[in-house]
file my_file31.cif (mmCIF, C-alpha atoms)
data_start
#
loop_
_atom_site.label_atom_id
_atom_site.label_comp_id
_atom_site.auth_asym_id
_atom_site.auth_seq_id
_atom_site.Cartn_x
_atom_site.Cartn_y
_atom_site.Cartn_z
CA MET A 1 104.39 87.30 80.86
CA ARG A 2 105.65 87.75 77.31
CA LEU A 3 104.80 90.52 74.88
CA ARG A 4 104.36 88.75 71.53
CA LYS A 5 103.14 91.56 69.30
CA LEU A 6 103.05 95.33 69.66
CA THR A 7 101.36 97.73 67.26
CA VAL A 8 101.35 101.50 67.78
CA GLN A 9 99.80 104.26 65.70
CA HIS A 10 100.30 108.02 65.91
CA TRP A 11 102.34 107.61 69.11
CA ARG A 12 104.76 110.55 69.22
CA ASN A 13 106.93 110.12 66.09
CA LEU A 14 105.68 106.59 65.35
CA ALA A 15 103.12 106.81 62.53
CA LEU A 16 102.49 103.07 62.37
CA VAL A 17 104.75 100.35 63.77
CA SER A 18 103.85 96.68 64.15
CA LEU A 19 106.43 94.29 65.60
CA ALA A 20 106.27 90.57 66.32
CA PHE A 21 108.62 89.44 69.09
CA ASP A 22 110.24 86.01 69.02
CA GLY A 23 111.98 84.63 72.09
CA GLY A 24 112.75 86.53 75.25
CA LYS A 25 115.28 89.19 74.20
CA GLN A 26 114.68 92.09 71.84
CA PHE A 27 117.08 94.95 71.11
CA LEU A 28 116.13 98.23 69.42
CA ALA A 29 119.29 99.77 67.97
CA GLY A 30 119.62 103.26 66.51
CA ALA A 31 120.76 106.82 67.00
CA ASN A 32 119.13 109.06 69.57
CA GLY A 33 115.81 110.66 68.64
CA GLN A 34 114.71 107.96 66.20
CA GLY A 35 111.82 106.46 68.19
CA LYS A 36 113.34 103.66 70.31
CA THR A 37 112.21 105.13 73.63
CA ASN A 38 108.79 105.99 72.21
CA LEU A 39 108.17 102.31 71.52
CA LEU A 40 109.29 101.32 75.03
CA GLU A 41 107.02 104.03 76.41
CA ALA A 42 104.06 102.48 74.57
CA ALA A 43 104.94 99.02 75.90
CA GLY A 44 105.23 100.37 79.45
CA PHE A 45 101.87 102.14 79.11
CA LEU A 46 100.29 98.69 79.16
CA THR A 47 100.75 98.33 82.93
CA ALA A 48 99.06 101.35 84.49
CA LEU A 49 97.97 103.52 81.54
CA ARG A 50 100.72 105.96 82.51
CA SER A 51 103.86 107.11 80.72
CA PHE A 52 107.20 106.82 82.48
CA ARG A 53 108.26 110.07 80.76
CA THR A 54 105.39 112.53 81.09
CA LEU A 55 102.32 113.21 83.20
CA ASP A 56 100.46 114.74 80.23
CA PRO A 57 98.93 112.06 77.96
CA ARG A 58 98.30 114.66 75.26
CA LEU A 59 102.03 114.66 74.54
CA LEU A 60 101.80 111.01 73.48
CA VAL A 61 99.57 111.79 70.47
CA ALA A 62 101.52 112.62 67.32
CA HIS A 63 101.49 116.27 66.26
CA GLY A 64 98.54 116.97 63.97
CA GLN A 65 96.64 113.82 65.02
CA THR A 66 93.59 113.56 67.28
CA GLU A 67 94.17 110.04 68.59
CA ALA A 68 96.94 107.57 69.37
CA ALA A 69 96.48 103.84 69.76
CA LEU A 70 98.38 100.73 70.75
CA ALA A 71 97.49 97.06 70.56
CA CYS A 72 99.35 94.21 72.25
CA VAL A 73 99.16 90.45 72.11
CA VAL A 74 100.34 89.09 75.45
CA GLU A 75 101.20 85.57 76.54
CA HIS A 76 100.08 85.59 80.17
CA GLU A 77 100.57 83.09 83.03
CA ARG A 78 96.99 83.47 84.30
CA LEU A 79 95.02 84.86 81.37
CA GLY A 80 96.55 82.90 78.51
CA GLU A 81 96.93 84.70 75.18
CA THR A 82 95.27 88.10 75.58
CA THR A 83 94.82 91.05 73.24
CA VAL A 84 94.82 94.53 74.77
CA THR A 85 93.82 97.63 72.81
CA ILE A 86 94.27 101.17 74.15
CA LYS A 87 93.20 104.44 72.55
CA LEU A 88 94.12 107.95 73.66
CA GLY A 89 92.16 110.97 72.51
CA SER A 90 90.50 114.17 73.60
CA ALA A 91 87.84 112.16 75.46
CA GLY A 92 90.47 110.32 77.51
CA LYS A 93 91.51 106.66 77.43
CA GLU A 94 89.62 103.65 76.10
CA VAL A 95 90.81 100.15 77.01
CA TRP A 96 89.70 96.73 75.81
CA CYS A 97 90.89 93.28 76.86
CA ASP A 98 89.85 90.60 74.36
CA GLN A 99 87.07 92.88 73.08
CA GLU A 100 85.74 93.56 76.59
CA ARG A 101 85.66 97.26 77.47
CA ILE A 102 87.40 98.13 80.76
CA THR A 103 85.55 100.89 82.61
CA ARG A 104 87.30 100.92 86.02
CA LEU A 105 91.03 101.54 86.30
CA ALA A 106 91.18 99.35 89.42
CA ASP A 107 89.94 96.39 87.36
CA TYR A 108 92.84 96.77 84.93
CA VAL A 109 95.96 98.18 86.59
CA GLY A 110 98.60 95.54 87.28
CA ARG A 111 97.26 92.75 85.09
CA PHE A 112 100.15 93.22 82.66
CA PRO A 113 103.25 94.21 84.66
CA THR A 114 106.25 95.86 83.05
CA VAL A 115 109.28 97.38 84.75
CA VAL A 116 111.10 100.24 83.04
CA PHE A 117 114.84 100.79 83.52
CA SER A 118 115.45 104.38 82.42
CA ALA A 119 118.35 106.81 82.52
CA GLN A 120 115.95 109.13 84.40
CA ASP A 121 115.90 106.64 87.28
CA GLN A 122 119.05 108.16 88.77
CA LEU A 123 116.93 111.15 89.78
CA LEU A 124 115.21 108.83 92.24
CA VAL A 125 118.36 108.96 94.38
CA ARG A 126 119.08 112.67 94.27
CA GLY A 127 115.89 114.26 92.92
CA ALA A 128 112.81 115.74 94.58
CA PRO A 129 110.56 113.69 96.89
CA ALA A 130 107.69 114.02 94.38
CA LEU A 131 109.61 111.79 91.93
CA ARG A 132 110.00 109.06 94.53
CA ARG A 133 106.36 109.32 95.61
CA ARG A 134 105.21 108.95 91.99
CA TRP A 135 107.41 105.87 91.51
CA LEU A 136 106.13 104.35 94.75
CA ASP A 137 102.48 105.04 93.95
CA LEU A 138 102.77 103.51 90.48
CA ALA A 139 104.65 100.45 91.76
CA LEU A 140 102.20 99.73 94.59
CA ALA A 141 99.05 100.52 92.59
CA ALA A 142 100.21 98.06 89.92
CA THR A 143 100.06 95.19 92.40
CA ASN A 144 97.29 96.19 94.81
CA ALA A 145 93.83 97.43 93.78
CA GLU A 146 93.19 98.50 97.37
CA TYR A 147 96.23 100.79 97.24
CA LEU A 148 94.97 102.41 94.03
CA THR A 149 91.46 103.08 95.36
CA THR A 150 92.81 104.32 98.71
CA LEU A 151 95.22 106.67 96.93
CA GLN A 152 92.41 108.00 94.73
CA THR A 153 90.15 108.55 97.76
CA TYR A 154 92.92 110.36 99.64
CA HIS A 155 93.78 112.70 96.78
CA ARG A 156 90.14 113.51 96.01
CA ALA A 157 89.58 114.50 99.66
CA LEU A 158 92.89 116.40 99.71
CA ALA A 159 91.94 118.37 96.58
CA GLU A 160 88.57 119.32 98.08
CA ARG A 161 90.17 120.32 101.37
CA ASN A 162 92.76 122.47 99.59
CA SER A 163 90.02 124.07 97.52
CA LEU A 164 88.23 125.07 100.73
CA LEU A 165 91.47 126.43 102.19
CA LYS A 166 92.07 128.57 99.11
CA ALA A 167 88.51 129.89 99.38
CA GLY A 168 89.04 130.80 103.05
CA ARG A 169 86.24 128.54 104.34
CA ASN A 170 85.79 127.76 108.03
CA GLY A 171 87.02 124.89 110.17
CA ALA A 172 83.69 123.03 110.28
CA GLU A 173 83.73 122.57 106.51
CA LEU A 174 87.35 121.43 106.61
CA ALA A 175 86.48 118.90 109.30
CA ALA A 176 83.91 117.32 106.98
CA PHE A 177 86.62 116.46 104.46
CA ASP A 178 88.96 115.33 107.23
CA THR A 179 86.56 112.43 107.85
CA GLN A 180 87.44 111.16 104.34
CA LEU A 181 91.09 112.18 104.40
CA VAL A 182 91.98 110.58 107.74
CA PRO A 183 91.10 106.89 107.16
CA ALA A 184 92.55 106.93 103.64
CA GLY A 185 95.74 108.59 104.89
CA VAL A 186 96.25 106.11 107.72
CA ARG A 187 95.72 103.18 105.35
CA LEU A 188 98.21 104.63 102.84
CA ILE A 189 100.83 104.91 105.58
CA ALA A 190 100.27 101.27 106.59
CA LEU A 191 100.44 99.97 103.00
CA ARG A 192 103.57 101.99 102.23
CA THR A 193 105.26 100.85 105.45
CA GLU A 194 104.69 97.16 104.71
CA SER A 195 105.55 97.38 101.00
CA LEU A 196 108.75 99.39 101.45
CA GLN A 197 110.02 96.86 103.97
CA VAL A 198 109.56 94.12 101.38
CA LEU A 199 111.09 96.23 98.60
CA ALA A 200 114.07 97.09 100.82
CA ALA A 201 114.82 93.40 101.41
CA HIS A 202 114.65 92.66 97.68
CA MET A 203 116.83 95.69 96.93
CA ARG A 204 119.56 94.61 99.36
CA THR A 205 119.70 91.22 97.65
CA ALA A 206 119.74 92.72 94.16
CA TYR A 207 122.44 95.27 94.95
CA ALA A 208 124.68 92.58 96.42
CA ARG A 209 124.42 90.70 93.11
CA ILE A 210 125.24 93.63 90.81
CA ALA A 211 127.79 95.63 92.85
CA PRO A 212 131.39 94.37 92.74
CA GLU A 213 132.19 96.00 96.07
CA ALA A 214 131.20 94.66 99.50
CA GLU A 215 128.56 97.32 100.11
CA THR A 216 125.13 97.24 101.69
CA ALA A 217 122.26 99.10 100.06
CA GLY A 218 119.34 100.39 102.10
CA LEU A 219 115.86 101.75 101.47
CA ALA A 220 113.82 103.39 104.23
CA TYR A 221 110.37 104.93 104.40
CA ALA A 222 110.39 108.59 105.49
CA PRO A 223 106.75 109.39 106.23
CA ASP A 224 105.69 112.98 106.75
CA CYS A 225 103.75 111.77 109.75
CA SER A 226 103.83 108.39 111.46
CA ALA A 227 100.21 108.40 112.64
CA ALA A 228 99.45 104.82 113.53
CA ASP A 229 95.70 105.32 113.87
CA GLU A 230 92.93 107.66 112.79
CA THR A 231 92.79 109.49 116.13
CA ALA A 232 96.46 110.50 115.86
CA PHE A 233 96.17 111.66 112.22
CA ALA A 234 92.99 113.63 112.96
CA ALA A 235 94.76 115.34 115.87
CA LEU A 236 97.70 116.20 113.61
CA LEU A 237 95.38 117.81 111.04
CA ALA A 238 93.61 119.75 113.78
CA ASP A 239 96.92 121.02 115.18
CA SER A 240 98.01 122.08 111.68
CA ARG A 241 94.74 123.76 110.71
CA ALA A 242 95.78 127.32 111.58
CA ARG A 243 98.93 127.01 109.49
CA ASP A 244 96.97 125.34 106.67
CA GLU A 245 94.52 128.25 106.66
CA LEU A 246 97.38 130.74 106.57
CA LEU A 247 99.20 128.99 103.70
CA LYS A 248 95.94 127.86 102.00
CA THR A 249 97.10 124.28 101.52
CA THR A 250 97.31 121.10 103.59
CA GLN A 251 100.80 120.92 105.06
CA ARG A 252 100.84 117.47 106.68
CA GLY A 253 100.00 113.99 105.44
CA PRO A 254 101.08 111.14 103.12
CA HIS A 255 101.10 113.51 100.12
CA ARG A 256 104.43 114.74 101.56
CA ASP A 257 105.95 111.31 102.20
CA ASP A 258 109.38 110.29 100.97
CA PHE A 259 111.74 107.32 101.02
CA GLU A 260 115.52 107.36 101.27
CA PHE A 261 118.43 105.41 99.79
CA SER A 262 121.46 104.56 101.86
CA LEU A 263 124.82 102.93 101.25
CA ASP A 264 126.50 101.19 104.18
CA GLY A 265 124.07 102.99 106.47
CA ARG A 266 124.91 106.48 105.18
CA PRO A 267 122.72 108.76 102.99
CA ALA A 268 123.34 107.73 99.38
CA PRO A 269 122.96 111.23 97.84
CA GLU A 270 125.87 112.37 100.01
CA VAL A 271 128.27 109.43 99.77
CA ALA A 272 127.48 107.37 96.65
CA SER A 273 129.51 107.83 93.48
CA GLU A 274 127.83 108.09 90.08
CA GLY A 275 128.41 104.38 89.49
CA GLN A 276 127.05 103.46 92.90
CA GLN A 277 123.94 105.59 92.33
CA ARG A 278 123.32 103.81 89.05
CA GLY A 279 123.74 100.52 90.87
CA LEU A 280 121.21 101.59 93.51
CA VAL A 281 118.48 102.47 91.02
CA LEU A 282 119.11 99.28 89.03
CA ALA A 283 118.79 97.34 92.29
CA LEU A 284 115.54 99.19 93.04
CA ARG A 285 114.13 98.20 89.66
CA LEU A 286 115.22 94.60 90.17
CA ALA A 287 113.49 94.74 93.55
CA GLN A 288 110.38 95.97 91.76
CA VAL A 289 110.57 92.97 89.41
CA ALA A 290 110.74 90.57 92.37
CA PHE A 291 107.97 92.48 94.18
CA PHE A 292 105.65 92.34 91.15
CA GLU A 293 106.23 88.63 90.60
CA GLU A 294 105.75 87.88 94.31
CA ARG A 295 102.48 89.82 94.54
CA THR A 296 100.89 88.86 91.20
CA ASN A 297 102.46 85.51 90.24
CA VAL A 298 103.17 87.09 86.85
CA ARG A 299 106.69 87.71 85.49
CA PRO A 300 107.01 91.36 84.38
CA VAL A 301 108.45 92.35 81.02
CA LEU A 302 111.67 94.35 81.48
CA LEU A 303 112.03 97.53 79.39
CA ALA A 304 115.63 98.80 79.50
CA ASP A 305 116.02 102.22 77.92
CA ASP A 306 119.69 102.81 77.05
CA VAL A 307 120.87 102.49 80.65
CA LEU A 308 123.50 99.77 80.65
CA GLY A 309 125.94 101.68 78.47
CA GLU A 310 126.55 103.98 81.46
CA LEU A 311 127.76 101.09 83.62
CA ASP A 312 131.31 99.81 83.83
CA PRO A 313 131.82 96.35 82.26
CA GLU A 314 131.84 94.54 85.63
CA ARG A 315 128.52 96.02 86.80
CA ARG A 316 127.03 95.39 83.36
CA ARG A 317 128.08 91.73 83.47
CA ARG A 318 126.70 91.35 86.98
CA PHE A 319 123.41 92.98 85.98
CA TRP A 320 122.81 90.45 83.18
CA ALA A 321 123.79 87.60 85.48
CA ALA A 322 121.29 88.79 88.11
CA LEU A 323 118.31 88.51 85.76
CA ASP A 324 115.95 85.55 85.71
CA PRO A 325 116.52 83.96 82.27
CA GLU A 326 112.75 83.45 81.95
CA LEU A 327 112.11 87.21 81.91
CA GLN A 328 111.47 88.96 78.62
CA ILE A 329 113.79 91.94 78.06
CA ILE A 330 113.22 94.67 75.48
CA ALA A 331 116.24 96.96 75.45
CA THR A 332 117.41 100.00 73.50
CA GLY A 333 120.82 101.41 72.70
CA THR A 334 122.90 103.18 70.12
CA SER A 335 125.05 100.08 69.64
CA LEU A 336 124.39 96.36 69.82
CA PRO A 337 124.76 94.40 73.08
CA ASP A 338 128.14 93.06 74.13
CA ASP A 339 129.07 89.67 72.72
CA ALA A 340 129.46 88.47 76.30
CA ILE A 341 125.73 88.78 76.98
CA PRO A 342 124.29 85.27 77.02
CA GLY A 343 121.42 84.31 74.76
CA ARG A 344 120.26 85.43 71.35
CA TRP A 345 118.85 88.90 70.74
CA GLN A 346 116.18 89.70 68.19
CA VAL A 347 117.47 93.00 66.80
CA PHE A 348 115.52 95.81 65.14
CA ARG A 349 117.25 98.78 63.51
CA VAL A 350 115.44 102.05 64.19
CA GLU A 351 115.57 105.12 61.97
CA GLN A 352 113.07 108.00 61.80
CA GLY A 353 110.31 105.99 63.43
CA GLN A 354 110.81 102.94 61.22
CA PHE A 355 111.77 99.54 62.70
CA THR A 356 113.58 97.06 60.47
CA PRO A 357 114.52 93.53 61.56
CA ALA A 358 118.27 93.03 61.39
CA ALA A 359 119.53 90.25 59.17
#

call {"tool": "encode", "arguments": {"input": "my_file31.cif", "output": "structure tokens"}}
result
Amino acid sequence: MRLRKLTVQHWRNLALVSLAFDGGKQFLAGANGQGKTNLLEAAGFLTALRSFRTLDPRLLVAHGQTEAALACVVEHERLGETTVTIKLGSAGKEVWCDQERITRLADYVGRFPTVVFSAQDQLLVRGAPALRRRWLDLALAATNAEYLTTLQTYHRALAERNSLLKAGRNGAELAAFDTQLVPAGVRLIALRTESLQVLAAHMRTAYARIAPEAETAGLAYAPDCSAADETAFAALLADSRARDELLKTTQRGPHRDDFEFSLDGRPAPEVASEGQQRGLVLALRLAQVAFFEERTNVRPVLLADDVLGELDPERRRRFWAALDPELQIIATGTSLPDDAIPGRWQVFRVEQGQFTPAA
């Protein structure tokens, strides 16, 4: 997939920006706080109608405005040239593909894959499990409509169950929601197990290509419960019910899952240096690229938000060498790319929300 044109209006500090992209490499250069990341955020919103920076879509609308919008012209392997228009306002999101209104998220998510490389990614190694679960849910939902609908079903049932717990309702009422929670939870565990095995294999390959040392990267699913069937998960919920009623929330299930990074078989948060942690999250993102392409037969657009400047020159060189030359890359930074990077970059200078093509 290639992003050929991107127009955004009232998106954070971007009043109106319209850029045409030529070739496969674009670089947005400017000081911090000028709007580079805001444009990448808009491009990344194309995939799952989610920001990689905030959970609150209201923060995306410029101060004093009631609506933000973005429009993209995409060159797509399966859909041909496609125009996507997205509006954000007080009534929620509106999405059109070639003038056809999209009404179901499951019909849209994943058609236009992007993968964001962000400085925040390092928190995936050492941050809270909720960060890793959010990354995993977004990555899997972007390639599998079944995963998205199963996740939605699970969280709706979980919210209703927790509401009953907070209200102090009895076990019979809780059991009614368990009949929805259990099958969705078991299916989530199965989908996460299979997908993380595939992602782990891609990550090992990617890390070997970008790390100068002879190290082995690992990725392992750490489920809260390993219920292999509905009977086992239902029994777990029943055993936990007294504690759930005491704490007024559901204590066990996939909503408490995690996954773990390792380096040479040891926990990465404990043994990996800063450089190695950066290498691990870059390898995870490269694994996501391979996973997306494998599952959808569409090459994602790579959005690199000022991350490579933190790498030493050897890891940076290896990162560029590891990329498929057919992938489109839109990158940001305070200075221009190294001369050693192969290929020609289309450069835009960014200042106070204005994007000017470099001569």

call {"tool": "resolve_selection", "arguments": {"input": "my_file31.cif", "expression": "the PyMOL selection byres ((chain A and resi 166-183) around 6)", "output": "list of chain:residue names"}}
result
A:Tyr154, A:Ala157, A:Ser163, A:Leu164, A:Leu165, A:Ala184, A:Gly185, A:Val186, A:Glu230, A:Lys248

call {"tool": "resolve_selection", "arguments": {"input": "my_file31.cif", "expression": "the PyMOL selection byres ((chain A and resi 66-78) around 7)", "output": "number ranges by chain"}}
result
A: 1-11, 61, 64-65, 79-89, 298

call {"tool": "atom_distance", "arguments": {"input": "my_file31.cif", "atom1": "atom CA of Pro325 of chain A", "atom2": "atom CA of Val301 of chain A"}}
result
11.7 Å

call {"tool": "atom_distance", "arguments": {"input": "my_file31.cif", "atom1": "atom CA of Arg133 of chain A", "atom2": "atom CA of Ala119 of chain A"}}
result
17.9 Å

call {"tool": "axis_aligned_box", "arguments": {"input": "my_file31.cif", "around": "segment 5-13 of chain A", "padding_each_side": "8 Å", "output": "lines of an AutoDock Vina configuration file"}}
result
center_x = 103.4
center_y = 101.1
center_z = 67.7
size_x = 23.1
size_y = 35.0
size_z = 20.0

call {"tool": "closest_residue", "arguments": {"input": "my_file31.cif", "among": "A:Arg58, A:Arg344, A:Arg134, A:Arg349", "to": "Lys25 of chain A", "atoms": "all atoms listed in the file"}}
result
A:Arg344

call {"tool": "build_atoms", "arguments": {"input": "my_file31.cif", "residues": "segment 244-268 of chain A", "atoms": "N, CA and C atoms", "output": "mmCIF file, keeping the file's coordinate frame"}}
result
data_model
loop_
_atom_site.group_PDB
_atom_site.id
_atom_site.type_symbol
_atom_site.label_atom_id
_atom_site.label_comp_id
_atom_site.auth_asym_id
_atom_site.auth_seq_id
_atom_site.Cartn_x
_atom_site.Cartn_y
_atom_site.Cartn_z
ATOM 1 N N ASP A 244 97.575 125.662 107.963
ATOM 2 C CA ASP A 244 96.970 125.340 106.670
ATOM 3 C C ASP A 244 96.139 126.517 106.159
ATOM 4 N N GLU A 245 95.365 127.125 107.062
ATOM 5 C CA GLU A 245 94.520 128.250 106.660
ATOM 6 C C GLU A 245 95.358 129.447 106.249
ATOM 7 N N LEU A 246 96.493 129.629 106.915
ATOM 8 C CA LEU A 246 97.380 130.740 106.570
ATOM 9 C C LEU A 246 98.015 130.525 105.197
ATOM 10 N N LEU A 247 98.497 129.295 104.948
ATOM 11 C CA LEU A 247 99.200 128.990 103.700
ATOM 12 C C LEU A 247 98.264 128.524 102.591
ATOM 13 N N LYS A 248 96.983 128.249 102.948
ATOM 14 C CA LYS A 248 95.940 127.860 102.000
ATOM 15 C C LYS A 248 96.233 126.536 101.295
ATOM 16 N N THR A 249 96.864 125.637 102.024
ATOM 17 C CA THR A 249 97.100 124.280 101.520
ATOM 18 C C THR A 249 97.368 123.362 102.704
ATOM 19 N N THR A 250 97.120 122.079 102.534
ATOM 20 C CA THR A 250 97.310 121.100 103.590
ATOM 21 C C THR A 250 98.791 120.761 103.714
ATOM 22 N N GLN A 251 99.362 121.033 104.875
ATOM 23 C CA GLN A 251 100.800 120.920 105.060
ATOM 24 C C GLN A 251 101.272 119.534 105.494
ATOM 25 N N ARG A 252 100.401 118.744 106.122
ATOM 26 C CA ARG A 252 100.840 117.470 106.680
ATOM 27 C C ARG A 252 100.033 116.317 106.097
ATOM 28 N N GLY A 253 100.707 115.177 105.909
ATOM 29 C CA GLY A 253 100.000 113.990 105.440
ATOM 30 C C GLY A 253 100.841 113.175 104.468
ATOM 31 N N PRO A 254 100.328 112.035 104.018
ATOM 32 C CA PRO A 254 101.080 111.140 103.120
ATOM 33 C C PRO A 254 101.440 111.765 101.774
ATOM 34 N N HIS A 255 100.753 112.846 101.387
ATOM 35 C CA HIS A 255 101.100 113.510 100.120
ATOM 36 C C HIS A 255 102.455 114.200 100.209
ATOM 37 N N ARG A 256 103.075 114.191 101.391
ATOM 38 C CA ARG A 256 104.430 114.740 101.560
ATOM 39 C C ARG A 256 105.426 113.669 102.003
ATOM 40 N N ASP A 257 105.052 112.414 101.836
ATOM 41 C CA ASP A 257 105.950 111.310 102.200
ATOM 42 C C ASP A 257 107.176 111.253 101.299
ATOM 43 N N ASP A 258 108.165 110.507 101.751
ATOM 44 C CA ASP A 258 109.380 110.290 100.970
ATOM 45 C C ASP A 258 109.937 108.925 101.348
ATOM 46 N N PHE A 259 110.917 108.448 100.580
ATOM 47 C CA PHE A 259 111.740 107.320 101.020
ATOM 48 C C PHE A 259 113.176 107.623 100.651
ATOM 49 N N GLU A 260 114.108 106.979 101.355
ATOM 50 C CA GLU A 260 115.520 107.360 101.270
ATOM 51 C C GLU A 260 116.408 106.167 100.940
ATOM 52 N N PHE A 261 117.407 106.413 100.110
ATOM 53 C CA PHE A 261 118.430 105.410 99.790
ATOM 54 C C PHE A 261 119.616 105.594 100.728
ATOM 55 N N SER A 262 120.229 104.479 101.073
ATOM 56 C CA SER A 262 121.460 104.560 101.860
ATOM 57 C C SER A 262 122.477 103.557 101.311
ATOM 58 N N LEU A 263 123.727 103.807 101.636
ATOM 59 C CA LEU A 263 124.820 102.930 101.250
ATOM 60 C C LEU A 263 125.695 102.737 102.488
ATOM 61 N N ASP A 264 125.784 101.505 102.943
ATOM 62 C CA ASP A 264 126.500 101.190 104.180
ATOM 63 C C ASP A 264 126.004 102.054 105.345
ATOM 64 N N GLY A 265 124.682 102.262 105.372
ATOM 65 C CA GLY A 265 124.070 102.990 106.470
ATOM 66 C C GLY A 265 124.178 104.500 106.397
ATOM 67 N N ARG A 266 124.740 105.037 105.326
ATOM 68 C CA ARG A 266 124.910 106.480 105.180
ATOM 69 C C ARG A 266 124.051 106.981 104.020
ATOM 70 N N PRO A 267 123.608 108.248 104.044
ATOM 71 C CA PRO A 267 122.720 108.760 102.990
ATOM 72 C C PRO A 267 123.378 108.672 101.608
ATOM 73 N N ALA A 268 122.747 107.959 100.692
ATOM 74 C CA ALA A 268 123.340 107.730 99.380
ATOM 75 C C ALA A 268 123.584 109.018 98.588
#
